[in-house]
Structures are given as C-alpha cells and as structure tokens.
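Undergrad: Can you keep this structure in mind? I'll have questions shortly.
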Amino acid sequence: MDRRSLFKAGLGITGGLALLGAAPAGAAPRPSPSPRSQAEERPWYELGLLSDPIMESQLLHFLAATYSAQADIGEVLDTAHRINPAEDWSWPTEWVSTADRIRQMGDASLARGRRLSAGNAYLRAANYYRAALIHHPEPDHPSVLETGRKAVVAYDKAIALLEIPAVAMRIPYEGTTLPGYFFRAPRARGRAPLLVFQQGRDAWPEESKYVIDAALARGYHCLIVHAPGQGMAIREQGLVFRPDWEKVITPVIDFATRIAGVDDRRIALLGWSMGGALVPRAAAFERRIKILIPNPGVLDWGQSMFDQFNTYFPEVMPLLDEDPQAFDAALYQLMDAVFLYRWYMRDSMSKHGASSPSDLMFKLREFTNVPTVHRIRCRTLVMDGTAEAFSVGQAKLLFDALTCPKDYMLFTAEDTGLLHCQEAAQAVANHRMFDWLDEYI
C-alpha cells in the first residue's frame with residue numbers, strides 16, 4: 001500500500017513464516033498498557049478504529065478527502081464502524097453500500113431539479129466507489145469492473161452538475177487509448193502552463209482533487225490520466241504497470257501539446273506515491289517536461305520493495321533466487337493465513353501482470369531509475385516526509401543522484417505533512433509545493 005508501508009508495525013514484526021506459529025514456549029505475557037498510555041503513545045494519524053493498520057491508513061486517506069468535498073466525515077466514520085477487518089469482503093461491501101446510498105440521494109435531488117445537491121452527492125459517491133476498490137480481495141471479480149464503472153458514471157455526473165471545467169479524454173496509447181480528464185483553468189488567458197498529474201499503485205488521480213483545484217485556481221491547466229496499472233486502465237482494459245514509463249508519458253505529452261491553450265514550453269509532470277518512482281524514468285527521456293515533481297521521490301522502486309520483504313520475511317526471501325517454487329509455496333502459505341498478505345499479493349500480481357509471487361518480485365526488480373537518472377535535465381522538486389514508511393530513504397537517494405537543477409522539500413511532524421504524500425495535510429502540501437512551482441514554472 002503506497003500510503004504507508006505494507007508491512008508496518010503490528011503486521012511486519014511477526015516476521016515471515018513465524019507469523020504462522022504460536023508464541024515461543026514459556027514466553028511471559030506482556031502487560032496490557034492502560035488506555036491512557038496507549039493514547040499518549042499513538043500518533044495522531046493512527047486512528048485506532050480498525051485492527052488492520054493498512055485499512056487504517058486507507059481510512060485516513062478518505063477522511064482527508066473532506067478537504068476537497070469528496071467525502072463527509074460522518075459518512076467515512078460510519079462506514080469504518082461497519083467494517084470487520086477479519087472478513088475479506090467487508091471493506092468493499094460497506095463502501096459500496098455507502099456509495100449506493102449517497103448516489104441515491106443524488107438521484108432524488110436531481111429528479112427535483114436540485115442540481116448542486118445532486119452534484120455534491122455524486123462527487124462523494126464516486127469517491128466511495130473508488131474506496132471500495134482500494135482494498136478488494138479479488139481483483140478479477142466481476143464486481144470490480146462494475147464498481148469502477150459506477151465510480152466513473154457518478155464522477156461524470158458530478159462534473160456536469162457542478163460545472164467543474166473538465167472534459168473526459170481518451171489519450172492514444174499503443175493501439176488503444178487511456179482514459180483521462182483535461183481541466184481548463186477558468187482564469188487562464190492565452191497559453192497557460194499544464195500540470196500532468198498521475199497517481200501510483202492504489203489511488204485514482206481523481207482522488208487528488210485538492211491538487212487539481214489548487215492548480216486551476218492559479219491559472220494552470222491540468223491533465224490526469226489512468227495509466228497502465230491504475231484506475232480503469234487496469235480494471236477495464238487489463239493494462240498493467242511497465243518499467244519503461246516514458247512509453248506511457250510520451251504519448252500523454254504528445255496529446256497534451258495538441259490541446260488549445262496549453263503552453264508546451266511550460267509542462268510540469270507530477271507523480272504521487274508509486275508515481276514518484278515512475279515519473280523520473282519518464283523525464284529521463286521526455287525533454288518537453290520543464291518541471292518534474294516526484295512525491296515522494298524514488299530512485300529504485302524495486303530495491304525499496306525488496307528491502308521491505310527482506311526486513312519482514314528474512315526466512316523466505318533467500319528462496320526467491322535459490323528456489324522460486326519454494327518461495328511461491330511459502331508466500332501462498334502466508335497469504336492463506338493473513339488477509340493483508342493475501343490482498344496485497346493478489347492486488348500487486350494483478351496490476352503487474354504477474355503469474356506468481358516470485359514472478360511479481362522479478363518484475364519489480366525492473367522498476368529502477370539508477371541507470372537513467374543521470375539523463376534527467378529538467379528542474380526537479382523531490383518531496384519527502386520524515387514518516388515516509390513505504391520507500392524509506394529513497395527520496396534522498398534520488399535527490400543525491402540527480403545532476404539537473406534540483407530542490408529537496410522535507411515535510412515534518414511540525415508541519416503535519418510527515419506522512420506518505422502528506423496524507424491528511426493537503427493544505428500545507430499545496431502551500432509549499434505551489435509556492436515552489438509558481439517560482440519556476
């Protein structure tokens with residue numbers, strides 16, 4: 001999970017195959033901390049509402065969507081209250097239930113001619129349908145495509161009813177097209193700069209409406225795309241992630257430069273989460289990019305994944321190269337035992353087109369910017385946080401390896417932007433990033 005480490009804290013410390021065994025013989029039980037000491041030790045971003053820490057971080061993500069009117073606090077917390085992390089299907093079932101209810105509210109308002117109320121409801125419903133898919137137990141289940149299409153329909157209705165200056169686009173890509181949206185800045189006069197924004201492994205680009213809103217308010221056009229491995233490109237078209245990301249971004253830039261009003265000399269490429277590993281690769285080959293912003297920056301995505309697995313599965317990882325079949329057997333055993341591992345591996349294998357856990361790991365090795373980082377020439381802002389838990393240290397490694405004009409932006413506990421992609425700190429993230437971007441675009 002890109003927002004925080006997949007194997008963080010209470011899950012990772014069980015350690016590989018030890019997860020399947022009982023406590024050591026003769027181990028003394030630990031005294032339970034008092035409720036007061038638990039509250040004092042738990043940071044603000046660990047909500048304590050769900051026993052699964054990855055679901056907790058995902059919950060924080062959707063709570064944060066209230067900043068851009070794509071969620072309501074009560075609706076998110078009510079949904080979380082109904083979720084049972086021990087049941088594989090509980091997460092998507094409850095989110096779809098909430099989304100359906102809010103969509104029906106929109107339908108009722110629209111039938112009475114209340115366009116604004118309907119649009120606001122559809123905007124939230126679309127986000128809740130997307131929430132259902134972020135932790136789905138079976139990525140190939142028919143309900144995944146059905147729910148994804150519901151999200152698109154609700155979002156398109158919201159755009160029309162709320163008069164959001166967006167147009168759905170199909171971007172030519174290798175014999176097919178990629179879905180996306182172009183947002184035209186109402187304040188733009190003449191040719192204006194363009195932000196090409198893409199998400200990472202889990203979220204859809206529409207979820208980062210806070211970035212789009214801030215761009216439009218500053219007179220920047222914005223283009224978002226469901227790239228291979230993401231959004232509807234993976235769920236409807238079966239397009240999987242690829243390491244040579246320039247083959248994705250170059251067609252996007254080709255398309256963008258033909259849009260009336262876009263200043264092709266002022267194009268910024270922003271990549272969030274896993275996108276922070278993909279966009280540096282693209283910028284190494286695509287010279288029309290003036291500004292590059294990876295958030296967080298990643299030099300070697302494959303290595304960061306291997307570091308995670310090596311830390312938490314030290315008994316299993318040596319098997320990968322020695323005996324891939326034994327590695328697969330061990331991982332399948334873990335997947336059978338723990339829903340979190342089962343979800344992550346199935347989801348990742350689907351998005352990477354991998355046939356097995358070992359195949360996934362071999363594919364992940366190819367996602368590295370080490371051989372190409374020296375080719376990047378555009379001005380680059382590397383964003384990072386002191387509580388970055390998924391690609392720890394990678395942003396600084398990328399920054400140090402860059403030979404282009406560059407800046408490093410670190411978010412801390414003091415400014416509350418310390419989490420992966422400044423989760424739940426959208427205001428400070430926009431403030432600092434756009435102040436920088438306004439200076440250099």
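Ordering of the structure tokens sets the chain letters (A, B, ...); residue numbers start at 1 within each chain; ligands are numbered from 1 in the order shown.
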Considering only C-alpha atoms, give me a table of residues in range 205-291 of chain A that are at most 8 Å from range 422-437 of chain A, with the closest atom pair and distance in Å for each, as JSON lines.
TA:
{"residue": "A:Tyr210", "atom": "CA", "partner": "A:Gln426", "partner_atom": "CA", "distance": 6.9}
{"residue": "A:Val211", "atom": "CA", "partner": "A:Asn430", "partner_atom": "CA", "distance": 6.8}
{"residue": "A:Ala214", "atom": "CA", "partner": "A:Asn430", "partner_atom": "CA", "distance": 7.1}
Undergrad: Which residues are near range 267-271 of chain A? Cut-off 7 Å, only C-alpha atoms, ignore same chain within fewer than 6 positions. Put them as number ranges by chain.
TA: A: 193-199, 279, 289-295
Undergrad: Pick out the residues sitting within 12 Å of Gly175 in chain A, and hand them over as a VMD selection string; count only C-alpha atoms, and ignore anything fewer than 3 positions along from it in its own chain.
TA: chain A and resid 170 to 172 178 237 239 251
Undergrad: Could you write those residues out with N, CA and C atoms, as a short mmCIF file (atom, residue, chain, number, x, y, z; two decimals), in the first residue's frame?
TA:
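Written out: result_37.cif:
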data_model
loop_
_atom_site.label_atom_id
_atom_site.label_comp_id
_atom_site.auth_asym_id
_atom_site.auth_seq_id
_atom_site.Cartn_x
_atom_site.Cartn_y
_atom_site.Cartn_z
N ARG A 170 -9.79 10.58 -24.20
CA ARG A 170 -9.18 9.28 -24.48
C ARG A 170 -7.85 9.56 -25.16
N ILE A 171 -6.76 9.17 -24.51
CA ILE A 171 -5.41 9.50 -24.97
C ILE A 171 -4.84 8.32 -25.75
N PRO A 172 -4.49 8.50 -27.02
CA PRO A 172 -3.96 7.38 -27.82
C PRO A 172 -2.73 6.75 -27.16
N LEU A 178 -6.00 5.62 -23.35
CA LEU A 178 -6.04 5.71 -21.90
C LEU A 178 -7.09 6.73 -21.49
N GLN A 237 -9.34 -2.41 -19.09
CA GLN A 237 -8.55 -2.73 -20.28
C GLN A 237 -7.45 -3.75 -20.03
N LEU A 239 -4.54 -3.24 -18.75
CA LEU A 239 -3.19 -2.69 -18.99
C LEU A 239 -2.43 -2.66 -17.67
N PRO A 251 3.33 9.54 -25.11
CA PRO A 251 2.03 9.72 -25.78
C PRO A 251 1.12 10.72 -25.06
#
Undergrad: Just want the 10 Å neighbourhood of range 63-79 of chain A, counted on only C-alpha atoms, with same-chain residues fewer than 3 positions away dropped. Output as a VMD selection string.
TA: chain A and resid 49 57 to 60 82 to 83 91 93 to 99 102 120 to 128 206 to 213 423 to 427
Undergrad: Give me, as a PyMOL selection string, all polymer residues having an atom no more than 10 Å from Pro318 in chain A, counting only C-alpha atoms and skipping those fewer than 6 positions away in the same chain.
TA: chain A and resi 310+324+327
Undergrad: Please save N, CA and C atoms of the selected residues as a PDB file, in the first residue's frame.
TA:
ATOM      1  N   ASN A 310      12.669  -8.169   2.622  1.00  0.00           N
ATOM      2  CA  ASN A 310      13.814  -8.714   3.352  1.00  0.00           C
ATOM      3  C   ASN A 310      13.725  -8.434   4.842  1.00  0.00           C
ATOM      4  N   PRO A 324      12.530 -20.593  -6.717  1.00  0.00           N
ATOM      5  CA  PRO A 324      11.311 -19.783  -6.846  1.00  0.00           C
ATOM      6  C   PRO A 324      10.036 -20.534  -6.479  1.00  0.00           C
ATOM      7  N   PHE A 327       9.750 -20.445  -2.824  1.00  0.00           N
ATOM      8  CA  PHE A 327       9.361 -19.091  -2.445  1.00  0.00           C
ATOM      9  C   PHE A 327       7.855 -18.911  -2.614  1.00  0.00           C
TER      10      PHE A 327
END
Undergrad: Provide the CA of Gly148 in chain A to CA of Ile234 in chain A distance in Å, to one decimal place.
TA: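 Answer for the CA of Gly148 in chain A to CA of Ile234 in chain A separation: 10.5 Å.
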Undergrad: Identify which of the residues A:Ser117, A:Thr147, A:Thr368, A:Thr386 lies closest to Ala131 in chain A, counting only C-alpha atoms when measuring atom-to-atom distances.
TA: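 So, comparing all the options, the nearest one is A:Thr147.
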Undergrad: Could you give me, as a list in words, the residues within 10 Å of Pro371 in chain A, counting only C-alpha atoms and dropping anything in the same chain fewer than 4 positions from it?
TA: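 Surrounding residues, per the criterion: Arg281, Ala284, Leu299, Asp300 and Arg375 of chain A.
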Undergrad: Between A:Met349, A:Cys222, A:Ala330, A:Cys421, which has the minimum distance to His61 in chain A (counting only C-alpha atoms)?
TA: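 Answer, going by the shortest atom-to-atom distance: A:Cys421.
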Undergrad: List every residue of range 34-219 of chain A that DSSP, applied to the backbone of this structure, places in alpha helix (DSSP H), and write the result as number ranges by chain.
TA: A: 35-41, 53-64, 73-82, 90-111, 115-134, 142-162, 209-217
Undergrad: Write out the residues from the selection above, keeping C-alpha atoms, as a compact mmCIF listing (two decimals), in the first residue's frame.
TA:
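Result file follows (part-v4.txt):
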# COMPACT_ATOMS: atom_id res chain seq x y z
CA PRO A 35 -5.89 3.26 27.79
CA ARG A 36 -4.21 6.50 28.77
CA SER A 37 -0.70 5.27 27.90
CA GLN A 38 -1.96 3.87 24.58
CA ALA A 39 -3.43 7.23 23.63
CA GLU A 40 -0.29 9.05 24.67
CA GLU A 41 1.97 6.79 22.62
CA PRO A 53 -3.14 -0.82 10.01
CA ILE A 54 -3.32 -0.65 6.21
CA MET A 55 -7.07 -0.23 6.32
CA GLU A 56 -6.42 2.45 8.94
CA SER A 57 -4.15 4.38 6.58
CA GLN A 58 -6.64 3.97 3.76
CA LEU A 59 -9.35 5.27 6.07
CA LEU A 60 -7.23 8.34 6.78
CA HIS A 61 -6.89 8.88 3.04
CA PHE A 62 -10.66 9.02 2.58
CA LEU A 63 -11.18 11.14 5.67
CA ALA A 64 -8.73 13.61 4.14
CA ILE A 73 -16.57 12.85 7.98
CA GLY A 74 -19.69 11.13 9.29
CA GLU A 75 -20.11 9.03 6.15
CA VAL A 76 -16.50 7.85 6.29
CA LEU A 77 -16.53 7.05 10.01
CA ASP A 78 -19.91 5.34 9.79
CA THR A 79 -18.57 3.12 7.00
CA ALA A 80 -15.45 2.30 9.02
CA HIS A 81 -17.63 1.40 12.02
CA ARG A 82 -19.41 -1.23 9.93
CA SER A 90 -16.35 -6.47 4.46
CA TRP A 91 -14.34 -3.46 3.21
CA PRO A 92 -15.71 -3.34 -0.37
CA THR A 93 -19.22 -4.33 0.72
CA GLU A 94 -19.58 -1.50 3.22
CA TRP A 95 -18.05 1.14 0.94
CA VAL A 96 -20.32 0.16 -1.94
CA SER A 97 -23.28 0.29 0.45
CA THR A 98 -22.36 3.85 1.44
CA ALA A 99 -21.71 4.86 -2.18
CA ASP A 100 -25.05 3.45 -3.34
CA ARG A 101 -26.89 5.35 -0.61
CA ILE A 102 -25.21 8.66 -1.45
CA ARG A 103 -25.77 8.10 -5.18
CA GLN A 104 -29.47 7.55 -4.49
CA MET A 105 -29.52 10.85 -2.59
CA GLY A 106 -28.09 12.45 -5.71
CA ASP A 107 -30.70 10.78 -7.90
CA ALA A 108 -33.52 12.04 -5.69
CA SER A 109 -32.19 15.61 -5.72
CA LEU A 110 -31.65 15.56 -9.47
CA ALA A 111 -35.24 14.38 -10.01
CA ARG A 115 -28.50 20.21 -9.45
CA LEU A 116 -25.97 21.43 -6.87
CA SER A 117 -27.07 18.98 -4.18
CA ALA A 118 -27.10 16.17 -6.70
CA GLY A 119 -23.64 17.05 -7.98
CA ASN A 120 -22.16 17.14 -4.49
CA ALA A 121 -23.67 13.74 -3.71
CA TYR A 122 -22.37 12.20 -6.94
CA LEU A 123 -18.89 13.57 -6.23
CA ARG A 124 -18.80 11.81 -2.86
CA ALA A 125 -20.39 8.65 -4.20
CA ALA A 126 -17.73 8.38 -6.90
CA ASN A 127 -15.03 8.59 -4.26
CA TYR A 128 -16.68 5.94 -2.10
CA TYR A 129 -16.93 3.56 -5.06
CA ARG A 130 -13.20 4.08 -5.59
CA ALA A 131 -12.67 3.41 -1.88
CA ALA A 132 -14.33 0.02 -2.27
CA LEU A 133 -11.71 -0.99 -4.84
CA ILE A 134 -8.62 0.08 -2.92
CA PRO A 142 -16.87 -9.04 -11.90
CA SER A 143 -17.90 -6.61 -9.15
CA VAL A 144 -14.59 -4.76 -9.55
CA LEU A 145 -15.38 -3.61 -13.08
CA GLU A 146 -19.00 -2.91 -12.14
CA THR A 147 -17.94 -0.74 -9.20
CA GLY A 148 -15.30 1.04 -11.26
CA ARG A 149 -17.88 1.93 -13.89
CA LYS A 150 -20.23 3.23 -11.18
CA ALA A 151 -17.42 5.49 -9.99
CA VAL A 152 -16.88 6.87 -13.49
CA VAL A 153 -20.60 7.50 -14.09
CA ALA A 154 -21.03 9.27 -10.75
CA TYR A 155 -17.92 11.38 -11.34
CA ASP A 156 -19.02 12.41 -14.83
CA LYS A 157 -22.41 13.45 -13.45
CA ALA A 158 -20.70 15.50 -10.75
CA ILE A 159 -18.54 17.27 -13.33
CA ALA A 160 -21.58 18.29 -15.35
CA LEU A 161 -23.80 19.31 -12.44
CA LEU A 162 -21.13 21.19 -10.52
CA LYS A 209 -8.81 16.77 -6.45
CA TYR A 210 -7.08 19.05 -3.95
CA VAL A 211 -4.07 19.31 -6.30
CA ILE A 212 -6.30 19.92 -9.33
CA ASP A 213 -8.31 22.61 -7.52
CA ALA A 214 -5.15 24.42 -6.47
CA ALA A 215 -3.73 24.26 -9.98
CA LEU A 216 -6.88 25.68 -11.57
CA ALA A 217 -7.05 28.49 -9.03
Undergrad: Using only C-alpha atoms, which residue out of A:Thr257, A:Gln325, A:Thr177, A:Thr412 lies closest to Glu236 in chain A?
TA: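 Distance minimum relative to Glu236 in chain A lands on A:Thr177.
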Undergrad: Any idea what's packed within 7 Å of Ala282 in chain A, counting only C-alpha atoms, ignoring anything in its chain fewer than 6 positions away? Could you give it as a list in words?
TA: Trp245, Glu246 and Ile249 of chain A
Undergrad: Hey, can you spit out that residue selection with all heavy atoms as an mmCIF file, in the first residue's frame?
TA:
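And here is the file that came out, part_35.cif:
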data_model
loop_
_atom_site.group_PDB
_atom_site.id
_atom_site.type_symbol
_atom_site.label_atom_id
_atom_site.label_comp_id
_atom_site.auth_asym_id
_atom_site.auth_seq_id
_atom_site.Cartn_x
_atom_site.Cartn_y
_atom_site.Cartn_z
ATOM 1 N N TRP A 245 8.521 3.742 -18.315
ATOM 2 C CA TRP A 245 7.370 4.638 -18.187
ATOM 3 C C TRP A 245 7.368 5.762 -19.223
ATOM 4 O O TRP A 245 6.333 6.390 -19.453
ATOM 5 C CB TRP A 245 7.318 5.211 -16.776
ATOM 6 C CG TRP A 245 5.926 5.597 -16.359
ATOM 7 C CD1 TRP A 245 5.460 6.847 -16.083
ATOM 8 C CD2 TRP A 245 4.822 4.706 -16.131
ATOM 9 N NE1 TRP A 245 4.128 6.800 -15.718
ATOM 10 C CE2 TRP A 245 3.707 5.492 -15.747
ATOM 11 C CE3 TRP A 245 4.660 3.319 -16.249
ATOM 12 C CZ2 TRP A 245 2.459 4.943 -15.458
ATOM 13 C CZ3 TRP A 245 3.406 2.771 -15.959
ATOM 14 C CH2 TRP A 245 2.337 3.580 -15.572
ATOM 15 N N GLU A 246 8.491 6.008 -19.868
ATOM 16 C CA GLU A 246 8.496 7.003 -20.942
ATOM 17 C C GLU A 246 7.568 6.589 -22.078
ATOM 18 O O GLU A 246 7.024 7.438 -22.794
ATOM 19 C CB GLU A 246 9.921 7.222 -21.466
ATOM 20 C CG GLU A 246 10.525 6.062 -22.240
ATOM 21 C CD GLU A 246 11.138 4.975 -21.366
ATOM 22 O OE1 GLU A 246 10.967 5.032 -20.124
ATOM 23 O OE2 GLU A 246 11.782 4.068 -21.928
ATOM 24 N N ILE A 249 4.286 8.145 -20.808
ATOM 25 C CA ILE A 249 4.201 9.601 -20.691
ATOM 26 C C ILE A 249 4.395 10.311 -22.032
ATOM 27 O O ILE A 249 3.747 11.338 -22.291
ATOM 28 C CB ILE A 249 5.221 10.107 -19.653
ATOM 29 C CG1 ILE A 249 4.823 9.599 -18.260
ATOM 30 C CG2 ILE A 249 5.299 11.625 -19.656
ATOM 31 C CD1 ILE A 249 3.447 10.051 -17.792
#
Undergrad: Kindly provide the residues of range 307-343 of chain A that approach range 352-359 of chain A to within 10 Å, each paired with its closest atom pair and their distance in Å to one decimal, based on only C-alpha atoms, listed by chain and increasing number, as CSV.
TA:
residue,atom,partner,partner_atom,distance
A:Met317,CA,A:Ser358,CA,9.8
A:Leu319,CA,A:Ser358,CA,9.4
A:Leu320,CA,A:Ser358,CA,6.4
A:Asp321,CA,A:Ser358,CA,8.8
A:Asp323,CA,A:Ser358,CA,9.5
A:Pro324,CA,A:Ser358,CA,5.9
A:Gln325,CA,A:Ser358,CA,7.8
A:Ala326,CA,A:Ser358,CA,9.4
A:Phe327,CA,A:Ser358,CA,6.7
A:Asp328,CA,A:Pro357,CA,5.7
A:Ala329,CA,A:Pro357,CA,9.1
A:Ala330,CA,A:Pro357,CA,9.6
A:Leu331,CA,A:Pro357,CA,6.9
A:Tyr332,CA,A:Pro357,CA,8.1
Undergrad: Dump all heavy atoms for the selected residues as an mmCIF file, in the first residue's frame?
TA:
data_model
loop_
_atom_site.group_PDB
_atom_site.id
_atom_site.type_symbol
_atom_site.label_atom_id
_atom_site.label_comp_id
_atom_site.auth_asym_id
_atom_site.auth_seq_id
_atom_site.Cartn_x
_atom_site.Cartn_y
_atom_site.Cartn_z
ATOM 1 N N MET A 317 12.844 -14.754 1.799
ATOM 2 C CA MET A 317 13.460 -14.082 0.657
ATOM 3 C C MET A 317 14.637 -14.823 0.028
ATOM 4 O O MET A 317 14.789 -14.796 -1.197
ATOM 5 C CB MET A 317 13.870 -12.664 1.050
ATOM 6 C CG MET A 317 12.693 -11.708 1.192
ATOM 7 S SD MET A 317 11.668 -11.613 -0.299
ATOM 8 C CE MET A 317 12.798 -10.792 -1.436
ATOM 9 N N LEU A 319 14.871 -17.740 -0.678
ATOM 10 C CA LEU A 319 14.343 -18.760 -1.575
ATOM 11 C C LEU A 319 14.063 -18.221 -2.975
ATOM 12 O O LEU A 319 13.974 -18.997 -3.931
ATOM 13 C CB LEU A 319 13.045 -19.337 -0.990
ATOM 14 C CG LEU A 319 13.128 -20.063 0.347
ATOM 15 C CD1 LEU A 319 11.732 -20.426 0.840
ATOM 16 C CD2 LEU A 319 13.988 -21.308 0.227
ATOM 17 N N LEU A 320 13.914 -16.904 -3.105
ATOM 18 C CA LEU A 320 13.484 -16.332 -4.380
ATOM 19 C C LEU A 320 14.413 -16.728 -5.520
ATOM 20 O O LEU A 320 13.962 -17.190 -6.571
ATOM 21 C CB LEU A 320 13.387 -14.816 -4.268
ATOM 22 C CG LEU A 320 12.966 -14.086 -5.552
ATOM 23 C CD1 LEU A 320 11.567 -14.528 -5.985
ATOM 24 C CD2 LEU A 320 13.010 -12.578 -5.348
ATOM 25 N N ASP A 321 15.700 -16.552 -5.337
ATOM 26 C CA ASP A 321 16.657 -16.892 -6.389
ATOM 27 C C ASP A 321 17.095 -18.352 -6.323
ATOM 28 O O ASP A 321 17.421 -18.948 -7.349
ATOM 29 C CB ASP A 321 17.872 -15.974 -6.301
ATOM 30 C CG ASP A 321 17.526 -14.533 -6.665
ATOM 31 O OD1 ASP A 321 16.941 -14.319 -7.738
ATOM 32 O OD2 ASP A 321 17.828 -13.628 -5.863
ATOM 33 N N ASP A 323 15.214 -21.043 -5.143
ATOM 34 C CA ASP A 323 14.146 -21.973 -5.475
ATOM 35 C C ASP A 323 12.829 -21.202 -5.568
ATOM 36 O O ASP A 323 12.073 -21.139 -4.598
ATOM 37 C CB ASP A 323 14.051 -23.067 -4.408
ATOM 38 C CG ASP A 323 13.106 -24.193 -4.794
ATOM 39 O OD1 ASP A 323 12.304 -23.995 -5.724
ATOM 40 O OD2 ASP A 323 13.152 -25.265 -4.155
ATOM 41 N N PRO A 324 12.530 -20.593 -6.717
ATOM 42 C CA PRO A 324 11.311 -19.783 -6.846
ATOM 43 C C PRO A 324 10.036 -20.534 -6.479
ATOM 44 O O PRO A 324 9.100 -19.936 -5.937
ATOM 45 C CB PRO A 324 11.317 -19.367 -8.317
ATOM 46 C CG PRO A 324 12.755 -19.412 -8.718
ATOM 47 C CD PRO A 324 13.345 -20.557 -7.943
ATOM 48 N N GLN A 325 9.994 -21.834 -6.755
ATOM 49 C CA GLN A 325 8.791 -22.598 -6.416
ATOM 50 C C GLN A 325 8.605 -22.694 -4.911
ATOM 51 O O GLN A 325 7.479 -22.600 -4.404
ATOM 52 C CB GLN A 325 8.859 -23.989 -7.035
ATOM 53 C CG GLN A 325 8.711 -23.987 -8.554
ATOM 54 C CD GLN A 325 8.658 -25.390 -9.133
ATOM 55 O OE1 GLN A 325 9.094 -26.357 -8.499
ATOM 56 N NE2 GLN A 325 8.121 -25.508 -10.342
ATOM 57 N N ALA A 326 9.713 -22.858 -4.183
ATOM 58 C CA ALA A 326 9.630 -22.882 -2.722
ATOM 59 C C ALA A 326 9.235 -21.508 -2.187
ATOM 60 O O ALA A 326 8.477 -21.402 -1.211
ATOM 61 C CB ALA A 326 10.963 -23.324 -2.125
ATOM 62 N N PHE A 327 9.750 -20.445 -2.824
ATOM 63 C CA PHE A 327 9.361 -19.091 -2.445
ATOM 64 C C PHE A 327 7.855 -18.911 -2.614
ATOM 65 O O PHE A 327 7.168 -18.400 -1.722
ATOM 66 C CB PHE A 327 10.121 -18.079 -3.305
ATOM 67 C CG PHE A 327 9.718 -16.645 -3.072
ATOM 68 C CD1 PHE A 327 10.308 -15.899 -2.060
ATOM 69 C CD2 PHE A 327 8.749 -16.043 -3.866
ATOM 70 C CE1 PHE A 327 9.936 -14.575 -1.848
ATOM 71 C CE2 PHE A 327 8.373 -14.729 -3.670
ATOM 72 C CZ PHE A 327 8.971 -13.993 -2.650
ATOM 73 N N ASP A 328 7.340 -19.348 -3.758
ATOM 74 C CA ASP A 328 5.912 -19.232 -4.006
ATOM 75 C C ASP A 328 5.110 -20.006 -2.970
ATOM 76 O O ASP A 328 4.090 -19.511 -2.456
ATOM 77 C CB ASP A 328 5.570 -19.740 -5.397
ATOM 78 C CG ASP A 328 6.065 -18.813 -6.497
ATOM 79 O OD1 ASP A 328 6.293 -17.614 -6.207
ATOM 80 O OD2 ASP A 328 6.227 -19.281 -7.642
ATOM 81 N N ALA A 329 5.556 -21.219 -2.651
ATOM 82 C CA ALA A 329 4.831 -22.036 -1.678
ATOM 83 C C ALA A 329 4.773 -21.336 -0.324
ATOM 84 O O ALA A 329 3.728 -21.340 0.353
ATOM 85 C CB ALA A 329 5.494 -23.409 -1.542
ATOM 86 N N ALA A 330 5.890 -20.735 0.095
ATOM 87 C CA ALA A 330 5.923 -20.029 1.377
ATOM 88 C C ALA A 330 5.002 -18.821 1.367
ATOM 89 O O ALA A 330 4.273 -18.566 2.331
ATOM 90 C CB ALA A 330 7.354 -19.605 1.707
ATOM 91 N N LEU A 331 5.023 -18.060 0.259
ATOM 92 C CA LEU A 331 4.157 -16.882 0.176
ATOM 93 C C LEU A 331 2.695 -17.270 0.126
ATOM 94 O O LEU A 331 1.843 -16.623 0.761
ATOM 95 C CB LEU A 331 4.531 -16.044 -1.040
ATOM 96 C CG LEU A 331 5.394 -14.820 -0.761
ATOM 97 C CD1 LEU A 331 4.642 -13.780 0.074
ATOM 98 C CD2 LEU A 331 6.703 -15.194 -0.046
ATOM 99 N N TYR A 332 2.366 -18.322 -0.599
ATOM 100 C CA TYR A 332 0.968 -18.759 -0.635
ATOM 101 C C TYR A 332 0.504 -19.209 0.747
ATOM 102 O O TYR A 332 -0.655 -19.007 1.119
ATOM 103 C CB TYR A 332 0.777 -19.875 -1.658
ATOM 104 C CG TYR A 332 0.764 -19.404 -3.091
ATOM 105 C CD1 TYR A 332 1.582 -19.988 -4.055
ATOM 106 C CD2 TYR A 332 -0.082 -18.361 -3.483
ATOM 107 C CE1 TYR A 332 1.568 -19.545 -5.373
ATOM 108 C CE2 TYR A 332 -0.101 -17.910 -4.801
ATOM 109 C CZ TYR A 332 0.724 -18.512 -5.737
ATOM 110 O OH TYR A 332 0.707 -18.060 -7.043
#
Undergrad: Measuring atom to atom with only C-alpha atoms, identify which of A:Gly219, A:Pro228, A:Gly113, A:Pro43 is nearest to Gly275 in chain A.
TA: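 Nearest candidate to Gly275 in chain A out of A:Gly219, A:Pro228, A:Gly113, A:Pro43: A:Pro228.
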Undergrad: Hey, what does DSSP flag as strand (DSSP E) within range 156-342 of chain A? Can you give it to me as a ChimeraX atom specification?
TA: /A:166-173,176-183,192-198,221-225,262-272,291-295
